[in-house]
file my_file_26.txt (compact mmCIF, C-alpha atoms and all ligand atoms)
# COMPACT_ATOMS: atom_id res chain seq x y z
CA MET A 1 0.00 0.00 0.00
CA THR A 2 1.42 3.38 -0.93
CA PRO A 3 1.23 6.03 1.78
CA ASN A 4 -1.57 8.01 0.18
CA SER A 5 -3.77 5.20 -1.12
CA ASP A 6 -6.10 5.44 1.90
CA LYS A 7 -8.95 7.71 0.83
CA LYS A 8 -9.20 9.20 4.30
CA SER A 9 -5.52 10.12 4.49
CA PRO A 10 -4.79 13.82 4.43
CA LYS A 11 -3.09 15.18 1.33
CA ILE A 12 -1.16 18.30 0.52
CA GLY A 13 -2.56 19.96 -2.58
CA ALA A 14 -3.30 23.48 -3.77
CA ALA A 15 -5.52 24.32 -0.77
CA GLN A 16 -2.91 23.24 1.78
CA ILE A 17 -0.17 25.18 -0.02
CA ARG A 18 -2.39 28.28 -0.05
CA LEU A 19 -2.91 27.80 3.70
CA LEU A 20 0.86 27.57 4.25
CA GLU A 21 1.29 30.76 2.20
CA ARG A 22 -1.22 32.57 4.42
CA LEU A 23 0.42 31.22 7.57
CA THR A 24 3.95 32.26 6.58
CA GLN A 25 2.86 35.74 5.56
CA ALA A 26 1.08 36.28 8.87
CA CYS A 27 3.24 37.93 11.54
CA ALA A 28 3.40 36.17 14.90
CA VAL A 29 6.57 37.14 16.72
CA SER A 30 6.76 35.43 20.12
CA GLY A 31 4.22 36.81 22.60
CA ASP A 32 2.04 38.31 19.84
CA GLU A 33 0.75 35.24 17.99
CA GLY A 34 -2.78 36.53 17.30
CA GLU A 35 -2.60 36.56 13.50
CA VAL A 36 -1.62 32.90 13.25
CA ARG A 37 -3.99 31.94 16.07
CA ALA A 38 -6.91 33.43 14.12
CA ILE A 39 -6.07 31.30 11.06
CA VAL A 40 -5.69 28.17 13.20
CA LEU A 41 -9.06 28.74 14.91
CA GLU A 42 -10.80 29.35 11.59
CA HIS A 43 -9.61 25.94 10.36
CA ILE A 44 -10.03 23.74 13.42
CA ARG A 45 -13.23 25.12 15.03
CA PRO A 46 -15.49 23.38 12.47
CA VAL A 47 -13.92 19.94 13.08
CA ALA A 48 -12.67 19.77 16.68
CA ASP A 49 -14.85 18.56 19.57
CA ASP A 50 -13.40 21.11 21.94
CA VAL A 51 -11.33 24.24 21.28
CA ARG A 52 -10.05 26.78 23.78
CA VAL A 53 -7.43 29.46 24.02
CA ASP A 54 -5.55 29.33 27.33
CA ALA A 55 -4.21 32.19 29.43
CA LEU A 56 -0.92 32.42 27.51
CA GLY A 57 -2.57 32.22 24.09
CA ASN A 58 -1.99 28.55 23.25
CA VAL A 59 -4.76 27.00 21.17
CA LEU A 60 -5.79 23.69 22.76
CA ALA A 61 -8.07 21.47 20.70
CA THR A 62 -9.42 17.95 21.18
CA ARG A 63 -10.63 15.57 18.53
CA ARG A 64 -12.10 12.51 20.22
CA GLY A 65 -11.78 9.03 18.73
CA GLN A 66 -14.35 6.24 18.79
CA VAL A 67 -12.87 3.01 20.15
CA GLU A 68 -12.20 2.02 23.77
CA PRO A 69 -9.73 2.42 25.32
CA ARG A 70 -7.96 5.25 23.56
CA LEU A 71 -4.55 6.78 24.04
CA GLN A 72 -4.47 10.50 24.73
CA VAL A 73 -1.97 11.71 22.14
CA LEU A 74 -0.68 15.27 22.24
CA LEU A 75 0.58 16.85 19.02
CA THR A 76 2.15 20.29 19.20
CA ALA A 77 3.37 22.91 16.73
CA HIS A 78 4.52 26.38 17.68
CA MET A 79 2.73 29.37 16.22
CA ASP A 80 5.40 31.96 17.01
CA GLU A 81 8.37 33.04 14.93
CA VAL A 82 11.59 34.95 15.54
CA GLY A 83 11.47 38.67 14.78
CA PHE A 84 11.77 42.12 16.33
CA ILE A 85 10.11 44.32 18.95
CA LEU A 86 10.22 48.11 18.74
CA THR A 87 11.73 49.57 21.91
CA HIS A 88 12.06 53.33 21.38
CA ASP A 89 10.54 55.94 19.06
CA GLU A 90 13.24 58.27 17.76
CA ASP A 91 10.83 60.37 15.65
CA ASN A 92 10.67 60.72 11.87
CA GLY A 93 9.84 57.04 11.54
CA PHE A 94 13.03 55.72 13.19
CA PHE A 95 12.71 53.05 15.88
CA ARG A 96 15.22 51.29 18.07
CA PHE A 97 14.42 47.60 18.35
CA GLU A 98 15.45 44.32 19.96
CA ARG A 99 15.61 40.88 18.46
CA VAL A 100 13.06 38.30 19.71
CA GLY A 101 14.38 34.74 19.56
CA GLY A 102 17.56 33.58 17.87
CA ILE A 103 18.49 35.87 14.96
CA ASP A 104 22.06 36.40 13.83
CA VAL A 105 22.70 40.17 13.75
CA ARG A 106 24.71 39.71 10.54
CA TYR A 107 21.43 39.01 8.72
CA LEU A 108 19.86 42.35 9.64
CA PRO A 109 21.35 45.32 7.73
CA GLY A 110 19.44 46.27 4.61
CA LYS A 111 16.53 43.88 5.14
CA SER A 112 12.93 44.82 4.43
CA VAL A 113 10.52 44.33 7.31
CA TRP A 114 6.79 44.41 8.03
CA VAL A 115 5.98 46.45 11.13
CA GLY A 116 2.96 46.34 13.42
CA LYS A 117 -0.48 44.83 12.93
CA ASP A 118 -0.94 46.56 9.56
CA HIS A 119 2.37 45.16 8.24
CA LEU A 120 3.69 48.64 7.42
CA PRO A 121 6.70 48.39 5.14
CA GLY A 122 10.04 49.32 6.67
CA VAL A 123 13.75 48.68 6.35
CA ILE A 124 16.52 47.91 8.81
CA GLY A 125 18.81 50.73 7.82
CA ALA A 126 22.60 50.77 7.99
CA LYS A 127 25.38 52.99 6.73
CA PRO A 128 25.89 52.41 2.98
CA ILE A 129 29.18 51.09 1.67
CA HIS A 130 30.05 54.46 0.12
CA LEU A 131 30.33 56.02 3.54
CA ALA A 132 31.75 53.11 5.54
CA SER A 133 35.43 53.22 6.48
CA SER A 134 37.65 50.27 5.63
CA GLU A 135 37.83 49.58 9.36
CA GLU A 136 33.99 49.46 9.60
CA LEU A 137 33.77 47.10 6.64
CA ARG A 138 36.00 44.59 8.44
CA GLN A 139 33.85 44.56 11.58
CA THR A 140 30.53 42.93 12.40
CA ILE A 141 27.77 45.51 12.63
CA SER A 142 26.46 45.98 16.14
CA GLN A 143 22.74 45.94 16.83
CA ASP A 144 23.02 49.40 18.49
CA THR A 145 23.83 51.07 15.17
CA LEU A 146 20.71 49.69 13.45
CA ARG A 147 17.23 51.22 13.31
CA ILE A 148 13.93 50.15 11.80
CA ASP A 149 12.90 52.97 9.45
CA VAL A 150 9.24 53.17 8.43
CA GLY A 151 9.35 56.76 7.16
CA PRO A 152 7.95 59.91 8.81
CA SER A 153 4.39 59.53 7.55
CA ASN A 154 3.98 56.05 9.09
CA GLY A 155 5.99 56.74 12.23
CA SER A 156 2.90 57.60 14.24
CA LYS A 157 1.09 54.39 13.20
CA VAL A 158 3.39 52.09 15.20
CA LYS A 159 4.81 52.32 18.71
CA PRO A 160 7.25 50.66 21.09
CA GLY A 161 6.03 47.14 21.85
CA ASP A 162 4.85 46.53 18.31
CA ARG A 163 6.49 43.60 16.54
CA ALA A 164 8.22 43.42 13.17
CA THR A 165 9.20 40.52 10.94
CA PHE A 166 11.23 40.03 7.82
CA ALA A 167 9.08 41.02 4.81
CA THR A 168 9.17 37.92 2.64
CA SER A 169 6.43 36.78 0.29
CA PHE A 170 5.82 33.06 -0.05
CA THR A 171 7.13 31.66 -3.36
CA ARG A 172 7.08 28.26 -5.05
CA LEU A 173 10.49 27.34 -6.48
CA GLY A 174 9.78 24.22 -8.50
CA ALA A 175 9.95 21.35 -6.00
CA SER A 176 10.72 23.76 -3.17
CA LEU A 177 8.98 26.43 -1.12
CA ARG A 178 10.59 29.70 -0.05
CA ALA A 179 9.16 31.77 2.79
CA LYS A 180 9.86 33.33 6.14
CA ALA A 181 8.79 31.45 9.27
CA LEU A 182 8.63 27.99 7.69
CA ASP A 183 9.83 27.26 11.24
CA ASP A 184 7.22 26.42 12.35
CA ARG A 185 4.32 27.25 10.05
CA LEU A 186 5.09 23.93 8.32
CA GLY A 187 4.30 22.27 11.66
CA VAL A 188 1.19 24.40 12.16
CA ALA A 189 -0.13 23.57 8.69
CA THR A 190 0.62 19.87 9.23
CA LEU A 191 -1.15 19.83 12.58
CA ILE A 192 -4.23 21.54 11.11
CA GLU A 193 -4.45 18.70 8.54
CA LEU A 194 -4.06 16.07 11.26
CA VAL A 195 -6.86 17.62 13.32
CA LYS A 196 -9.06 17.55 10.20
CA HIS A 197 -8.15 13.90 9.51
CA ALA A 198 -7.72 12.56 13.05
CA PRO A 199 -7.84 8.75 13.21
CA ALA A 200 -10.54 7.11 15.37
CA ASN A 201 -8.20 4.98 17.49
CA ILE A 202 -6.89 7.90 19.58
CA ASP A 203 -8.01 11.10 21.24
CA LEU A 204 -5.99 13.68 19.33
CA LEU A 205 -5.03 16.58 21.60
CA ALA A 206 -3.62 19.43 19.55
CA ALA A 207 -1.63 22.31 21.04
CA PHE A 208 -0.70 25.23 18.81
CA THR A 209 1.81 26.80 21.16
CA VAL A 210 3.13 30.29 21.88
CA GLN A 211 6.61 31.55 22.78
CA GLU A 212 8.64 28.52 21.67
CA GLU A 213 11.37 30.71 20.20
CA VAL A 214 12.04 32.44 23.53
CA GLY A 215 12.27 29.29 25.66
CA LEU A 216 9.43 26.79 25.10
CA ARG A 217 7.18 28.82 27.38
CA GLY A 218 3.76 27.97 25.99
CA ALA A 219 4.26 24.25 25.48
CA GLY A 220 4.86 23.48 29.15
CA VAL A 221 1.51 24.81 30.33
CA ALA A 222 -0.26 23.29 27.31
CA ALA A 223 1.06 19.80 28.06
CA TYR A 224 0.27 20.19 31.75
CA ALA A 225 -3.31 21.16 30.99
CA LEU A 226 -3.94 18.43 28.40
CA ASN A 227 -2.21 15.70 30.46
CA PRO A 228 -1.54 13.27 27.55
CA ASP A 229 -0.18 9.71 27.57
CA LEU A 230 2.48 10.67 25.02
CA ALA A 231 3.47 13.60 22.83
CA ILE A 232 4.73 14.20 19.30
CA ILE A 233 6.23 17.62 18.58
CA LEU A 234 6.07 18.93 14.99
CA ASP A 235 8.72 21.45 14.05
CA SER A 236 11.14 22.49 11.32
CA THR A 237 14.81 21.72 11.86
CA PRO A 238 17.70 23.42 10.00
CA ALA A 239 19.08 21.57 7.01
CA ASN A 240 22.75 22.49 6.91
CA ASP A 241 23.28 20.39 3.81
CA LEU A 242 25.22 22.77 1.60
CA PRO A 243 28.49 21.53 0.12
CA ALA A 244 31.48 22.17 2.40
CA TRP A 245 33.34 25.29 1.23
CA ASP A 246 36.71 23.52 1.13
CA GLY A 247 35.46 20.62 -0.98
CA SER A 248 35.56 18.11 1.89
CA GLU A 249 32.59 15.93 2.77
CA ASN A 250 29.87 17.75 4.73
CA THR A 251 29.34 15.47 7.73
CA LYS A 252 27.51 18.03 9.90
CA TYR A 253 24.33 18.58 7.94
CA ASN A 254 21.89 18.13 10.86
CA SER A 255 19.27 17.17 8.25
CA ARG A 256 18.99 17.26 4.45
CA LEU A 257 16.33 18.48 2.06
CA GLY A 258 14.64 15.75 0.07
CA ALA A 259 15.45 12.96 2.54
CA GLY A 260 12.06 12.95 4.23
CA PRO A 261 10.84 13.83 7.72
CA ALA A 262 13.62 14.21 10.29
CA ILE A 263 13.05 12.08 13.39
CA TYR A 264 14.86 13.19 16.56
CA MET A 265 16.87 10.81 18.75
CA ALA A 266 18.27 13.55 20.97
CA ASP A 267 18.79 17.31 20.97
CA ARG A 268 19.97 19.85 23.52
CA GLY A 269 16.79 19.62 25.57
CA THR A 270 15.35 16.14 25.10
CA ILE A 271 16.23 12.52 24.60
CA SER A 272 13.35 11.14 22.55
CA ASP A 273 11.41 8.21 23.95
CA PRO A 274 12.93 5.20 22.15
CA ARG A 275 9.55 3.46 21.83
CA LEU A 276 8.17 6.42 19.92
CA VAL A 277 11.27 6.68 17.71
CA ARG A 278 10.95 2.98 16.92
CA HIS A 279 7.25 3.34 16.12
CA LEU A 280 7.91 6.18 13.67
CA VAL A 281 10.79 4.35 11.99
CA GLU A 282 8.88 1.06 11.70
CA THR A 283 5.81 2.85 10.34
CA ALA A 284 7.92 4.67 7.74
CA GLU A 285 9.62 1.46 6.62
CA ALA A 286 6.38 -0.52 6.43
CA ALA A 287 4.67 2.20 4.37
CA ASN A 288 7.70 2.99 2.22
CA ILE A 289 7.84 6.59 3.37
CA PRO A 290 11.33 8.14 3.24
CA TYR A 291 12.65 9.41 6.59
CA GLN A 292 15.92 10.53 8.12
CA ILE A 293 17.31 10.53 11.62
CA ARG A 294 18.18 14.12 12.50
CA GLN A 295 21.79 14.26 13.64
CA PRO A 296 21.81 14.24 17.46
CA GLY A 297 23.23 17.36 19.06
CA GLY A 298 22.21 21.00 19.49
CA GLY A 299 18.93 22.73 18.87
CA GLY A 300 15.66 21.87 20.51
CA THR A 301 11.90 21.84 20.26
CA ASP A 302 8.87 22.17 22.51
CA ALA A 303 9.61 18.57 23.56
CA GLY A 304 12.19 20.06 25.96
CA ALA A 305 9.33 21.48 28.04
CA VAL A 306 6.63 18.91 27.27
CA HIS A 307 8.46 15.76 28.42
CA LYS A 308 9.05 17.13 31.92
CA GLN A 309 5.44 17.95 32.78
CA ARG A 310 3.51 16.19 35.53
CA ALA A 311 5.03 12.72 36.13
CA GLY A 312 6.81 12.76 32.75
CA ILE A 313 5.38 12.54 29.23
CA PRO A 314 7.04 10.22 26.67
CA SER A 315 7.89 12.53 23.77
CA VAL A 316 9.45 12.56 20.32
CA SER A 317 10.01 15.34 17.79
CA ILE A 318 9.69 15.18 14.04
CA SER A 319 10.61 18.00 11.68
CA VAL A 320 10.26 19.07 8.11
CA PRO A 321 13.85 20.13 7.32
CA ALA A 322 14.36 23.66 6.01
CA ARG A 323 17.49 25.55 4.99
CA TYR A 324 18.16 29.04 6.40
CA ASN A 325 15.66 28.97 9.28
CA HIS A 326 15.59 32.18 11.37
CA THR A 327 16.69 34.25 8.35
CA PRO A 328 14.56 36.32 5.94
CA ALA A 329 13.95 33.38 3.61
CA ALA A 330 14.01 29.65 4.33
CA ILE A 331 13.70 26.87 1.76
CA ALA A 332 11.96 23.53 2.24
CA ARG A 333 11.08 20.71 -0.12
CA LEU A 334 7.40 20.07 -0.81
CA SER A 335 8.03 16.31 -0.85
CA ASP A 336 9.45 16.43 2.70
CA TRP A 337 6.30 18.15 3.92
CA LYS A 338 4.07 15.60 2.17
CA ASN A 339 6.05 12.70 3.59
CA THR A 340 5.96 14.19 7.10
CA LEU A 341 2.18 14.41 7.00
CA ALA A 342 1.89 10.90 5.54
CA LEU A 343 4.20 9.40 8.18
CA LEU A 344 2.45 11.12 11.08
CA HIS A 345 -1.00 10.06 9.92
CA ALA A 346 0.11 6.46 9.40
CA ALA A 347 1.89 6.38 12.77
CA LEU A 348 -1.13 7.77 14.63
CA LYS A 349 -3.48 5.26 13.01
CA GLN A 350 -1.35 2.40 14.32
CA LEU A 351 -0.85 3.66 17.85
CA THR A 352 -2.13 1.38 20.60
CA ALA A 353 -1.70 1.33 24.37
CA GLU A 354 0.83 -1.49 24.01
CA ILE A 355 3.41 1.00 22.86
CA LEU A 356 3.85 2.29 26.43
ZN ZN A 401 10.72 25.87 15.50

call {"tool": "encode", "arguments": {"input": "my_file_26.txt", "output": "structure tokens", "more": "lines below"}}
Ligand SMILES: [Zn+2]
result
Amino acid sequence: MTPNSDKKSPKIGAAQIRLLERLTQACAVSGDEGEVRAIVLEHIRPVADDVRVDALGNVLATRRGQVEPRLQVLLTAHMDEVGFILTHDEDNGFFRFERVGGIDVRYLPGKSVWVGKDHLPGVIGAKPIHLASSEELRQTISQDTLRIDVGPSNGSKVKPGDRATFATSFTRLGASLRAKALDDRLGVATLIELVKHAPANIDLLAAFTVQEEVGLRGAGVAAYALNPDLAIILDSTPANDLPAWDGSENTKYNSRLGAGPAIYMADRGTISDPRLVRHLVETAEAANIPYQIRQPGGGGTDAGAVHKQRAGIPSVSISVPARYNHTPAAIARLSDWKNTLALLHAALKQLTAEIL
């Protein structure tokens, strides 16, 4: 049986790609996730048995199964993205700002941004090369010398506390997708499809979480409240799969585009539950779905907070790999997204209490 031969299996087609486009062009810098939350609620309210928004802004949804007994399975995806927060109005449309989440300052100068709830266009200004000294050109730019510039006429329309993101329109590049915030709108879009196509053998508990990028803050309370038997965290992990600059073999790729969903054994915050890793791997092999083991090491997901709630929650993470995460434009492969959704749906359908 091929992975998508089941008529009830979710599929990624034009509608799902349009949804991902909407999700990546929404702005939801940590702590201000309302735009993405509104899209999530619009899609899951018609199908979920229970939907609520908790005190921190997490969306918690339940889709109940039909057989007895049923595992309580938590699936999470974070709604927030890295970005900027305005900190001081310097008049004439200039704003000081801080980074929210992990962004390399070297990516900032000269980038277009969307500012505030109306997505006002702006730019992160820096001294042009004509005027920079040779000494300045050798040094890394410091955040203190940068401003977000929205122009004098729009300066009064935004204020300190407003968020800004890189201004990147979603684009199809043949077999690939280019967008900002693929980390983790790919996970959000995947989880929406799983809520819509939840299998009957489990209670699917979905948490669309807030504030992952600033320390997994939403996921902890979400997992505590939903109290699941096990958890699967959906995210996007960096693919560092470019050729090595010196021509040697690249052995530190973390994950690679085109190799399928990346299953985590261990990262900086979590050692995945081996029973869940085995279940994902065996499901992939039985259904002929490509997968890869993400290289163990740094990085982390909401699993870092989820697995330590209550008396412990067996957890595993699975990611759609994407190059250049946390920069203005990331690139992912459509086939990896499709295979991630197919693997998750197949794995959920075959989950029984015996796994624990
Ligand atoms: Zn992420």

call {"tool": "closest_atom_pairs", "arguments": {"input": "my_file_26.txt", "of": "range 164-188 of chain A", "to": "range 40-48 of chain A", "cutoff": "12 Å", "atoms": "only C-alpha atoms", "output": "JSON lines"}}
result
{"residue": "A:Arg185", "atom": "CA", "partner": "A:Val40", "partner_atom": "CA", "distance": 10.5}
{"residue": "A:Gly187", "atom": "CA", "partner": "A:Val40", "partner_atom": "CA", "distance": 11.7}
{"residue": "A:Val188", "atom": "CA", "partner": "A:Val40", "partner_atom": "CA", "distance": 7.9}

call {"tool": "closest_atom_pairs", "arguments": {"input": "my_file_26.txt", "of": "chain A", "to": "ligand ZN 401 (chain A)", "cutoff": "6 Å", "atoms": "only C-alpha atoms and all ligand atoms", "output": "Markdown table"}}
result
| residue | atom | partner | partner_atom | distance |
| --- | --- | --- | --- | --- |
| A:Asp183 | CA | A:ZN401 | ZN | 4.6 |
| A:Asp184 | CA | A:ZN401 | ZN | 4.7 |
| A:Asp235 | CA | A:ZN401 | ZN | 5.1 |
| A:Ser236 | CA | A:ZN401 | ZN | 5.4 |

call {"tool": "closest_residue", "arguments": {"input": "my_file_26.txt", "among": "A:Thr168, A:Ser317, A:Asn201, A:Thr251", "to": "Thr24 in chain A", "atoms": "only C-alpha atoms"}}
result
A:Thr168

call {"tool": "residues_around", "arguments": {"input": "my_file_26.txt", "residues": "Gly155 in chain A", "least_positions_apart": "3", "cutoff": "10 Å", "atoms": "all atoms listed in the file", "output": "PyMOL selection string"}}
result
chain A and resi 89-95+120+149-152+158-159

call {"tool": "closest_residue", "arguments": {"input": "my_file_26.txt", "among": "A:Ile271, A:Leu351, A:Ala223, A:Ala284", "to": "Pro199 in chain A", "atoms": "all atoms listed in the file"}}
result
A:Leu351

call {"tool": "closest_atom_pairs", "arguments": {"input": "my_file_26.txt", "of": "range 10-103 of chain A", "to": "range 224-232 of chain A", "cutoff": "9 Å", "atoms": "only C-alpha atoms", "output": "tab-separated table"}}
result
residue	atom	partner	partner_atom	distance
A:Leu60	CA	A:Leu226	CA	7.9
A:Leu71	CA	A:Asp229	CA	6.3
A:Gln72	CA	A:Pro228	CA	4.9
A:Val73	CA	A:Leu230	CA	5.4
A:Leu74	CA	A:Ala231	CA	4.5
A:Leu75	CA	A:Ile232	CA	4.9
A:Thr76	CA	A:Ile232	CA	6.6

call {"tool": "atom_distance", "arguments": {"input": "my_file_26.txt", "atom1": "CA of Asp241 in chain A", "atom2": "CA of Gly102 in chain A"}}
result
20.1 Å

call {"tool": "closest_residue", "arguments": {"input": "my_file_26.txt", "among": "A:Asp80, A:Pro314, A:Thr270, A:Tyr324", "to": "Leu242 in chain A", "atoms": "all atoms listed in the file"}}
result
A:Tyr324

call {"tool": "closest_residue", "arguments": {"input": "my_file_26.txt", "among": "A:Leu257, A:Leu108, A:Ile148, A:Met265", "to": "Pro121 in chain A", "atoms": "only C-alpha atoms"}}
result
A:Ile148

call {"tool": "closest_residue", "arguments": {"input": "my_file_26.txt", "among": "A:Pro274, A:Gly31, A:Pro238, A:Gly110", "to": "Leu356 in chain A", "atoms": "only C-alpha atoms"}}
result
A:Pro274

call {"tool": "atom_distance", "arguments": {"input": "my_file_26.txt", "atom1": "CA of Asp246 in chain A", "atom2": "CA of Pro296 in chain A"}}
result
24.0 Å

call {"tool": "residues_around", "arguments": {"input": "my_file_26.txt", "residues": "Gly299 in chain A", "least_positions_apart": "3", "cutoff": "8 Å", "atoms": "only C-alpha atoms", "output": "ChimeraX atom specification"}}
result
/A:267-269

call {"tool": "closest_residue", "arguments": {"input": "my_file_26.txt", "among": "A:His119, A:Arg163, A:Arg217, A:Arg63", "to": "His78 in chain A", "atoms": "all atoms listed in the file"}}
result
A:Arg217

call {"tool": "residues_near_point", "arguments": {"input": "my_file_26.txt", "point": "(0.6, 20.0, 3.4)", "cutoff": "9 Å", "atoms": "all atoms listed in the file", "output": "ChimeraX atom specification"}}
result
/A:10-17,19-20,186,189-190,193,334,337-338,340-341

call {"tool": "atom_distance", "arguments": {"input": "my_file_26.txt", "atom1": "CA of Ser176 in chain A", "atom2": "CA of Ile331 in chain A"}}
result
6.5 Å

call {"tool": "residues_around", "arguments": {"input": "my_file_26.txt", "residues": "Leu348 in chain A", "least_positions_apart": "4", "cutoff": "10 Å", "atoms": "all atoms listed in the file", "output": "MDAnalysis selection string"}}
result
chainID A and resid 73 194 198:202 204 232 279:280 283 343:344 352

call {"tool": "residues_around", "arguments": {"input": "my_file_26.txt", "residues": "Ser319 in chain A", "least_positions_apart": "3", "cutoff": "7 Å", "atoms": "only C-alpha atoms", "output": "PyMOL selection string"}}
result
chain A and resi 234-237+261-263

call {"tool": "axis_aligned_box", "arguments": {"input": "my_file_26.txt", "around": "range 179-186 of chain A", "padding_each_side": "3 Å", "output": "JSON"}}
result
{"center_x": 7.1, "center_y": 28.6, "center_z": 7.6, "size_x": 11.5, "size_y": 15.4, "size_z": 15.6}

call {"tool": "build_atoms", "arguments": {"input": "my_file_26.txt", "residues": "range 29-36 of chain A", "atoms": "all heavy atoms", "output": "PDB file, in the frame of the given file"}}
result
ATOM      1  N   VAL A  29       5.351  37.158  15.910  1.00  0.00           N
ATOM      2  CA  VAL A  29       6.570  37.140  16.720  1.00  0.00           C
ATOM      3  C   VAL A  29       6.185  36.757  18.149  1.00  0.00           C
ATOM      4  O   VAL A  29       5.111  37.128  18.632  1.00  0.00           O
ATOM      5  CB  VAL A  29       7.249  38.529  16.667  1.00  0.00           C
ATOM      6  CG1 VAL A  29       8.489  38.565  17.546  1.00  0.00           C
ATOM      7  CG2 VAL A  29       7.619  38.877  15.219  1.00  0.00           C
ATOM      8  N   SER A  30       7.047  35.995  18.799  1.00  0.00           N
ATOM      9  CA  SER A  30       6.760  35.430  20.120  1.00  0.00           C
ATOM     10  C   SER A  30       6.060  36.434  21.039  1.00  0.00           C
ATOM     11  O   SER A  30       6.490  37.580  21.172  1.00  0.00           O
ATOM     12  CB  SER A  30       8.057  34.986  20.797  1.00  0.00           C
ATOM     13  OG  SER A  30       8.770  34.132  19.932  1.00  0.00           O
ATOM     14  N   GLY A  31       4.987  35.981  21.679  1.00  0.00           N
ATOM     15  CA  GLY A  31       4.220  36.810  22.600  1.00  0.00           C
ATOM     16  C   GLY A  31       3.102  37.577  21.923  1.00  0.00           C
ATOM     17  O   GLY A  31       2.290  38.208  22.605  1.00  0.00           O
ATOM     18  N   ASP A  32       3.055  37.554  20.606  1.00  0.00           N
ATOM     19  CA  ASP A  32       2.040  38.310  19.840  1.00  0.00           C
ATOM     20  C   ASP A  32       1.577  37.434  18.671  1.00  0.00           C
ATOM     21  O   ASP A  32       1.724  37.793  17.510  1.00  0.00           O
ATOM     22  CB  ASP A  32       2.662  39.621  19.355  1.00  0.00           C
ATOM     23  CG  ASP A  32       1.622  40.583  18.806  1.00  0.00           C
ATOM     24  OD1 ASP A  32       0.408  40.339  19.001  1.00  0.00           O
ATOM     25  OD2 ASP A  32       2.004  41.583  18.177  1.00  0.00           O
ATOM     26  N   GLU A  33       1.020  36.271  19.001  1.00  0.00           N
ATOM     27  CA  GLU A  33       0.750  35.240  17.990  1.00  0.00           C
ATOM     28  C   GLU A  33      -0.653  35.338  17.380  1.00  0.00           C
ATOM     29  O   GLU A  33      -1.108  34.419  16.695  1.00  0.00           O
ATOM     30  CB  GLU A  33       0.944  33.839  18.599  1.00  0.00           C
ATOM     31  CG  GLU A  33       2.374  33.491  18.996  1.00  0.00           C
ATOM     32  CD  GLU A  33       2.744  33.916  20.412  1.00  0.00           C
ATOM     33  OE1 GLU A  33       1.903  34.570  21.084  1.00  0.00           O
ATOM     34  OE2 GLU A  33       3.852  33.610  20.863  1.00  0.00           O
ATOM     35  N   GLY A  34      -1.355  36.434  17.653  1.00  0.00           N
ATOM     36  CA  GLY A  34      -2.780  36.530  17.300  1.00  0.00           C
ATOM     37  C   GLY A  34      -3.104  36.268  15.839  1.00  0.00           C
ATOM     38  O   GLY A  34      -4.122  35.651  15.538  1.00  0.00           O
ATOM     39  N   GLU A  35      -2.263  36.740  14.918  1.00  0.00           N
ATOM     40  CA  GLU A  35      -2.600  36.560  13.500  1.00  0.00           C
ATOM     41  C   GLU A  35      -2.626  35.086  13.106  1.00  0.00           C
ATOM     42  O   GLU A  35      -3.521  34.642  12.376  1.00  0.00           O
ATOM     43  CB  GLU A  35      -1.567  37.276  12.604  1.00  0.00           C
ATOM     44  CG  GLU A  35      -1.818  38.747  12.447  1.00  0.00           C
ATOM     45  CD  GLU A  35      -0.862  39.378  11.449  1.00  0.00           C
ATOM     46  OE1 GLU A  35      -0.636  38.811  10.360  1.00  0.00           O
ATOM     47  OE2 GLU A  35      -0.306  40.440  11.786  1.00  0.00           O
ATOM     48  N   VAL A  36      -1.643  34.331  13.587  1.00  0.00           N
ATOM     49  CA  VAL A  36      -1.620  32.900  13.250  1.00  0.00           C
ATOM     50  C   VAL A  36      -2.717  32.174  14.025  1.00  0.00           C
ATOM     51  O   VAL A  36      -3.393  31.292  13.484  1.00  0.00           O
ATOM     52  CB  VAL A  36      -0.228  32.304  13.539  1.00  0.00           C
ATOM     53  CG1 VAL A  36      -0.267  30.778  13.533  1.00  0.00           C
ATOM     54  CG2 VAL A  36       0.759  32.799  12.496  1.00  0.00           C
TER      55      VAL A  36
END
